[in-house]
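Text of the file model-v9.csv, holding CSV, C-alpha atoms:
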chain,number,residue,atom,x,y,z
T,1,MET,CA,-1.6,4.6,-25.6
T,2,LYS,CA,0.3,4.6,-22.3
T,3,ILE,CA,-0.8,7.2,-19.7
T,4,PHE,CA,-0.1,8.6,-16.2
T,5,TYR,CA,-3.4,8.6,-14.3
T,6,ASP,CA,-3.8,11.3,-11.6
T,7,VAL,CA,-6.6,10.6,-9.1
T,8,ASP,CA,-8.3,13.6,-7.4
T,9,THR,CA,-5.2,15.6,-6.4
T,10,GLN,CA,-7.4,18.5,-5.2
T,11,HIS,CA,-7.0,20.9,-2.3
T,12,ASP,CA,-9.9,19.5,-0.3
T,13,PHE,CA,-8.2,16.1,-0.2
T,14,MET,CA,-4.5,17.0,-0.3
T,15,ASP,CA,-4.3,19.9,2.2
T,16,LYS,CA,-4.5,19.6,5.9
T,17,ASP,CA,-7.1,22.3,6.1
T,18,GLY,CA,-9.1,20.7,3.3
T,19,ALA,CA,-12.8,19.8,3.7
T,20,LEU,CA,-12.0,16.1,3.4
T,21,TYR,CA,-8.3,15.8,4.0
T,22,ILE,CA,-6.9,12.3,3.4
T,23,PRO,CA,-4.4,11.5,6.2
T,24,GLY,CA,-0.8,11.5,4.8
T,25,ALA,CA,-1.8,13.3,1.6
T,26,GLU,CA,0.5,16.2,2.4
T,27,ASP,CA,3.4,13.7,2.6
T,28,ILE,CA,3.0,12.4,-0.9
T,29,LYS,CA,2.9,15.8,-2.7
T,30,ASP,CA,6.6,15.6,-3.5
T,31,SER,CA,6.3,12.2,-5.1
T,32,ILE,CA,3.2,13.3,-7.0
T,33,SER,CA,5.1,16.4,-8.2
T,34,LYS,CA,8.0,14.2,-9.4
T,35,LEU,CA,5.6,11.9,-11.3
T,36,SER,CA,3.7,14.7,-13.0
T,37,ASN,CA,7.0,16.4,-14.1
T,38,TYR,CA,8.4,13.1,-15.3
T,39,ALA,CA,5.3,12.6,-17.5
T,40,TRP,CA,5.4,16.1,-18.9
T,41,ASP,CA,9.1,16.0,-19.6
T,42,ASN,CA,8.8,12.6,-21.4
T,43,SER,CA,5.6,13.5,-23.4
T,44,ILE,CA,3.5,11.0,-21.6
T,45,PRO,CA,-0.2,12.0,-21.5
T,46,VAL,CA,-1.5,12.9,-18.0
T,47,ILE,CA,-5.1,11.8,-17.7
T,48,GLY,CA,-7.1,11.9,-14.5
T,49,SER,CA,-10.2,12.6,-12.5
T,50,VAL,CA,-11.5,15.4,-10.2
T,51,ASP,CA,-14.4,15.5,-7.9
T,52,LYS,CA,-16.9,18.2,-8.6
T,53,HIS,CA,-19.9,18.4,-6.3
T,54,PHE,CA,-22.9,20.7,-6.5
T,55,GLY,CA,-25.1,19.8,-3.5
T,56,THR,CA,-28.3,20.6,-5.5
T,57,GLU,CA,-31.4,18.5,-6.1
T,58,GLU,CA,-30.5,17.9,-9.8
T,59,TYR,CA,-27.3,16.2,-8.8
T,60,LYS,CA,-28.7,14.4,-5.7
T,61,HIS,CA,-28.9,11.0,-7.5
T,62,ARG,CA,-25.1,11.2,-8.1
T,63,GLU,CA,-24.0,12.6,-4.8
T,64,GLY,CA,-25.1,9.9,-2.4
T,65,GLU,CA,-21.7,9.9,-0.7
T,66,MET,CA,-22.4,13.3,0.8
T,67,LYS,CA,-23.9,13.6,4.3
T,68,LYS,CA,-26.6,16.0,3.1
T,69,TRP,CA,-27.9,13.1,1.0
T,70,GLY,CA,-27.4,10.4,3.6
T,71,GLY,CA,-23.7,9.5,2.8
T,72,PRO,CA,-20.6,9.4,5.1
T,73,PHE,CA,-18.7,12.4,3.7
T,74,PRO,CA,-19.0,16.2,4.4
T,75,ASP,CA,-19.4,18.7,1.6
T,76,HIS,CA,-16.1,18.7,-0.4
T,77,CYS,CA,-14.8,19.7,-3.8
T,78,MET,CA,-17.8,22.0,-4.2
T,79,ALA,CA,-18.0,23.6,-7.6
T,80,GLY,CA,-16.4,27.1,-7.7
T,81,THR,CA,-14.4,26.7,-4.5
T,82,LYS,CA,-10.7,26.7,-4.0
T,83,GLY,CA,-11.0,23.2,-2.5
T,84,GLN,CA,-12.2,21.8,-5.8
T,85,GLU,CA,-9.2,23.0,-7.6
T,86,LYS,CA,-6.1,20.8,-8.3
T,87,ILE,CA,-3.0,21.4,-6.2
T,88,GLU,CA,-0.3,23.4,-7.9
T,89,GLN,CA,2.0,20.3,-8.1
T,90,THR,CA,-0.3,18.6,-10.6
T,91,LYS,CA,-1.2,21.7,-12.6
T,92,ARG,CA,0.5,22.6,-15.8
T,93,PHE,CA,0.7,26.3,-16.7
T,94,TRP,CA,1.3,28.2,-19.9
T,95,HIS,CA,4.1,30.1,-18.1
T,96,PRO,CA,5.5,29.5,-14.6
T,97,ASN,CA,4.6,33.0,-13.6
T,98,GLU,CA,1.1,33.0,-15.0
T,99,LYS,CA,-0.7,30.7,-12.5
T,100,GLU,CA,-4.1,31.6,-13.8
T,101,MET,CA,-3.4,30.1,-17.3
T,102,GLU,CA,-3.7,26.4,-16.7
T,103,LEU,CA,-3.0,23.9,-19.5
T,104,SER,CA,-5.8,21.5,-18.8
T,105,THR,CA,-9.0,20.3,-20.2
T,106,TYR,CA,-11.9,19.3,-17.9
T,107,ILE,CA,-14.6,17.0,-19.2
T,108,PRO,CA,-17.9,17.2,-17.3
T,109,HIS,CA,-20.3,14.4,-16.5
T,110,ASP,CA,-23.3,15.4,-18.6
T,111,LEU,CA,-26.5,15.5,-16.7
T,112,GLU,CA,-28.3,13.8,-19.6
T,113,GLU,CA,-25.7,11.0,-19.7
T,114,LYS,CA,-24.7,11.9,-23.2
T,115,ILE,CA,-21.2,11.4,-24.5
T,116,ASN,CA,-19.9,14.3,-26.5
T,117,LYS,CA,-18.1,12.6,-29.3
T,118,GLU,CA,-16.4,15.7,-30.6
T,119,GLN,CA,-15.1,16.4,-27.1
T,120,ILE,CA,-13.7,12.9,-26.8
T,121,LYS,CA,-12.1,13.3,-30.3
T,122,SER,CA,-10.6,16.6,-29.2
T,123,ALA,CA,-9.3,15.0,-25.9
T,124,ILE,CA,-7.6,12.2,-27.8
T,125,ALA,CA,-6.0,14.7,-30.2
T,126,LEU,CA,-4.7,16.7,-27.2
T,127,ALA,CA,-3.3,13.6,-25.5
T,128,THR,CA,-1.6,12.5,-28.7
T,129,HIS,CA,-0.2,15.7,-30.0
T,130,TYR,CA,0.0,17.9,-26.9
T,131,PRO,CA,0.7,15.5,-24.0
T,132,TYR,CA,2.0,18.3,-21.8
T,133,GLU,CA,-1.7,19.3,-21.3
T,134,GLY,CA,-3.7,17.5,-18.7
T,135,ILE,CA,-7.1,15.9,-19.4
T,136,PHE,CA,-9.3,15.4,-16.3
T,137,PHE,CA,-12.7,13.8,-16.1
T,138,GLU,CA,-15.2,15.4,-13.6
T,139,LYS,CA,-17.3,13.1,-11.4
T,140,GLN,CA,-19.8,13.4,-8.6
T,141,SER,CA,-19.0,10.0,-7.0
T,142,TYR,CA,-15.8,8.2,-6.1
T,143,ASP,CA,-15.8,6.0,-9.3
T,144,VAL,CA,-14.6,7.8,-12.4
T,145,PHE,CA,-16.4,5.3,-14.5
T,146,SER,CA,-19.6,6.9,-13.4
T,147,ASN,CA,-18.7,9.5,-16.0
T,148,PRO,CA,-19.3,7.6,-19.3
T,149,ALA,CA,-17.0,9.9,-21.2
T,150,PHE,CA,-14.0,8.3,-19.4
T,151,GLU,CA,-14.6,4.8,-20.7
T,152,ALA,CA,-15.3,6.3,-24.2
T,153,PHE,CA,-11.9,8.0,-24.0
T,154,LEU,CA,-10.0,4.9,-22.9
T,155,LYS,CA,-11.6,2.9,-25.7
T,156,LYS,CA,-11.1,5.4,-28.5
T,157,ALA,CA,-7.6,6.3,-27.4
T,158,ASP,CA,-6.7,2.6,-27.0
T,159,VAL,CA,-5.2,3.0,-23.6
T,160,THR,CA,-3.1,-0.1,-22.7
T,161,GLU,CA,-1.1,0.9,-19.5
T,162,ALA,CA,-1.5,3.4,-16.7
T,163,VAL,CA,0.8,4.6,-13.9
T,164,VAL,CA,-1.7,5.5,-11.1
T,165,TYR,CA,-1.2,7.9,-8.2
T,166,GLY,CA,-3.3,10.2,-6.0
T,167,VAL,CA,-6.1,9.8,-3.4
T,168,ALA,CA,-7.8,8.0,-1.8
T,169,THR,CA,-6.4,4.5,-2.0
T,170,ASP,CA,-9.5,2.9,-0.6
T,171,TYR,CA,-12.0,4.8,-2.7
T,172,CYS,CA,-11.2,6.7,-5.9
T,173,VAL,CA,-7.9,5.1,-6.6
T,174,LYS,CA,-9.3,1.6,-6.1
T,175,ALA,CA,-12.3,2.2,-8.3
T,176,ALA,CA,-10.2,3.6,-11.1
T,177,VAL,CA,-7.6,0.7,-10.9
T,178,LEU,CA,-10.2,-2.0,-10.7
T,179,GLY,CA,-12.2,-0.5,-13.5
T,180,MET,CA,-9.2,-0.2,-15.8
T,181,GLN,CA,-7.9,-3.7,-15.0
T,182,LYS,CA,-11.4,-5.0,-15.8
T,183,ARG,CA,-11.1,-3.4,-19.2
T,184,GLY,CA,-7.7,-4.9,-19.9
T,185,ILE,CA,-5.5,-1.9,-19.0
T,186,GLN,CA,-2.4,-2.8,-17.0
T,187,CYS,CA,-2.1,-0.5,-14.0
T,188,TYR,CA,1.0,0.3,-12.1
T,189,VAL,CA,0.0,1.7,-8.6
T,190,VAL,CA,2.7,4.0,-7.1
T,191,GLU,CA,2.7,2.9,-3.5
T,192,ASP,CA,4.5,6.0,-2.1
T,193,ALA,CA,2.2,8.4,-4.1
T,194,ILE,CA,-1.1,7.3,-2.7
T,195,ALA,CA,-2.9,7.8,0.6
T,196,ALA,CA,-5.9,6.1,2.2
T,197,VAL,CA,-8.7,7.2,4.5
T,198,THR,CA,-7.7,4.5,7.0
T,199,PRO,CA,-4.7,2.2,7.1
T,200,GLU,CA,-6.9,-0.9,7.3
T,201,THR,CA,-9.1,-0.1,4.3
T,202,GLY,CA,-6.0,1.1,2.4
T,203,LYS,CA,-4.3,-2.2,2.9
T,204,SER,CA,-7.3,-4.2,1.8
T,205,ALA,CA,-7.7,-2.0,-1.2
T,206,LEU,CA,-4.1,-2.6,-2.3
T,207,GLU,CA,-4.6,-6.3,-1.9
T,208,GLU,CA,-7.8,-6.2,-4.0
T,209,MET,CA,-6.0,-4.2,-6.7
T,210,VAL,CA,-3.1,-6.6,-6.8
T,211,LYS,CA,-5.5,-9.5,-7.0
T,212,SER,CA,-7.0,-7.9,-10.1
T,213,GLY,CA,-3.6,-7.9,-11.8
T,214,ALA,CA,-2.4,-4.4,-10.9
T,215,LYS,CA,1.4,-4.1,-10.1
T,216,LEU,CA,2.8,-2.1,-7.2
T,217,ILE,CA,5.7,0.2,-8.0
T,218,THR,CA,7.5,3.1,-6.3
T,219,THR,CA,8.1,6.7,-7.5
T,220,GLU,CA,11.8,6.0,-7.9
T,221,GLU,CA,11.1,2.9,-10.0
T,222,VAL,CA,8.9,5.0,-12.2
T,223,LEU,CA,11.6,7.7,-12.6
T,224,GLN,CA,14.0,4.9,-13.5
T,225,ASN,CA,11.5,3.6,-16.1
T,226,GLU,CA,11.1,0.2,-14.5
T,227,MET,CA,8.0,-0.2,-16.6
T,228,ASP,CA,10.2,-0.1,-19.7
T,229,TRP,CA,8.2,2.5,-21.6
Would you mind giving the structure from this file in structure tokens?
Amino acid sequence: MKIFYDVDTQHDFMDKDGALYIPGAEDIKDSISKLSNYAWDNSIPVIGSVDKHFGTEEYKHREGEMKKWGGPFPDHCMAGTKGQEKIEQTKRFWHPNEKEMELSTYIPHDLEEKINKEQIKSAIALATHYPYEGIFFEKQSYDVFSNPAFEAFLKKADVTEAVVYGVATDYCVKAAVLGMQKRGIQCYVVEDAIAAVTPETGKSALEEMVKSGAKLITTEEVLQNEMDW
């Protein structure tokens, strides 16, 4: 299976008034919108990740990145807040005028670290037969592979290639790309549809991804199908 992979395109990261705004994220919304629409229009499954934090003791062992637990980042993408929701450009709705009816499936990171096999089976069926619906894996850290359901999905769905975009280049994007490359999945990182916390760490993250075998591509090249899908 070939997929588009949407990394954490949520209000807290993408909006200037977000709790953890990634510099330049507002400027890539148009590219991200074009990529999402291209995938939907061409029946390419859109898989991705979303941060979902709780700030409670039961999740403390997973949320070490947050200041309240000694990490560098402020509270962000807290469960039940507007900031935790995906931006409209990367949501798919049942009807354009019914913004409350989102066509997406969100797969949680089970507290007991169990993989719901039926849930994975259902997600693969959706990606195969209803690719216009999004499938997003929830996580409490920057690495989507911390949610074991993601790896189970990749394996069972036989994902072979992924077009990757979103934020942040130097954290969640890098972790997803390096993790997929390690598992034999060819990643195409869309340079003009990602943004980094800092220019320096963003540059080094890109270098690390390329070293792992990932290929850099532009939105226009994706729209022209330079990957030959």
Counting only C-alpha atoms, which residues of region 51-96 of chain T sit at most 6 Å from some atom of region 6-23 of chain T, and what is each one's closest atom pair with its distance in Å to one decimal, listed by chain and rising residue number, as a tab-separated table?
residue	atom	partner	partner_atom	distance
T:His76	CA	T:Ala19	CA	5.4
T:Gly83	CA	T:Asp12	CA	4.4
T:Gln84	CA	T:Gln10	CA	5.9
T:Glu85	CA	T:Gln10	CA	5.4
T:Lys86	CA	T:Gln10	CA	4.1
T:Ile87	CA	T:Gln10	CA	5.4
(message) Env of Leu216 (chain T): 7 Å cut, atoms = only C-alpha atoms, seq-sep filter 3 positions within chain, self excluded. Answer as a ChimeraX atom specification.
(response) /T:188-191
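In this comparison, which uses all atoms listed in the file, the residue of T:Val50, T:Met1, T:Ile44, T:Leu206 approaching Phe137 (chain T) most closely is T:Val50.
Residue nearest Cys187 (chain T) within the list T:Ile3, T:Met66, T:Leu103, T:Ile135: T:Ile3 [criterion: smallest interatomic distance, all atoms listed in the file].
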(request) For CA of Val144 (chain T) and CA of Asn42 (chain T), determine how far apart the two atoms are, in Å to one decimal place. (result) 25.5 Å
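With CA of Phe73 (chain T) on one side and CA of Lys52 (chain T) on the other, the separation reads 13.7 Å.
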(request) Could you please determine the separation between CA of Asp143 (chain T) and CA of Phe4 (chain T) in Å, to one decimal place? (result) 17.3 Å
Around (-4.7, -9.0, -11.1), as given in the file, which residues come within 10 Å? Count only C-alpha atoms and list them as a JSON list (two decimals) with C-alpha atoms, keeping the file's coordinate frame.
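Output contents, as saved in point24.json:
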[["chain", "number", "residue", "atom", "x", "y", "z"],
["T", 178, "LEU", "CA", -10.20, -2.00, -10.70],
["T", 181, "GLN", "CA", -7.90, -3.70, -15.00],
["T", 182, "LYS", "CA", -11.40, -5.00, -15.80],
["T", 186, "GLN", "CA", -2.40, -2.80, -17.00],
["T", 187, "CYS", "CA", -2.10, -0.50, -14.00],
["T", 207, "GLU", "CA", -4.60, -6.30, -1.90],
["T", 208, "GLU", "CA", -7.80, -6.20, -4.00],
["T", 209, "MET", "CA", -6.00, -4.20, -6.70],
["T", 210, "VAL", "CA", -3.10, -6.60, -6.80],
["T", 211, "LYS", "CA", -5.50, -9.50, -7.00],
["T", 212, "SER", "CA", -7.00, -7.90, -10.10],
["T", 213, "GLY", "CA", -3.60, -7.90, -11.80],
["T", 214, "ALA", "CA", -2.40, -4.40, -10.90],
["T", 215, "LYS", "CA", 1.40, -4.10, -10.10]]
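Proximity ranking of T:Ser104, T:Thr219, T:Thr81, T:Ser33 relative to Gly134 (chain T) places T:Ser104 first, based on only C-alpha atoms.
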(message) Which residues are near region 28-30 of chain T? Cut-off 9 Å, all atoms listed in the file, ignore same chain within fewer than 6 positions. Put them as a list in words.
(response) Thr9, Met14, Ile87, Gln89, Thr90, Gly166, Asp192, Ala193, Ile194 and Ala195 of chain T
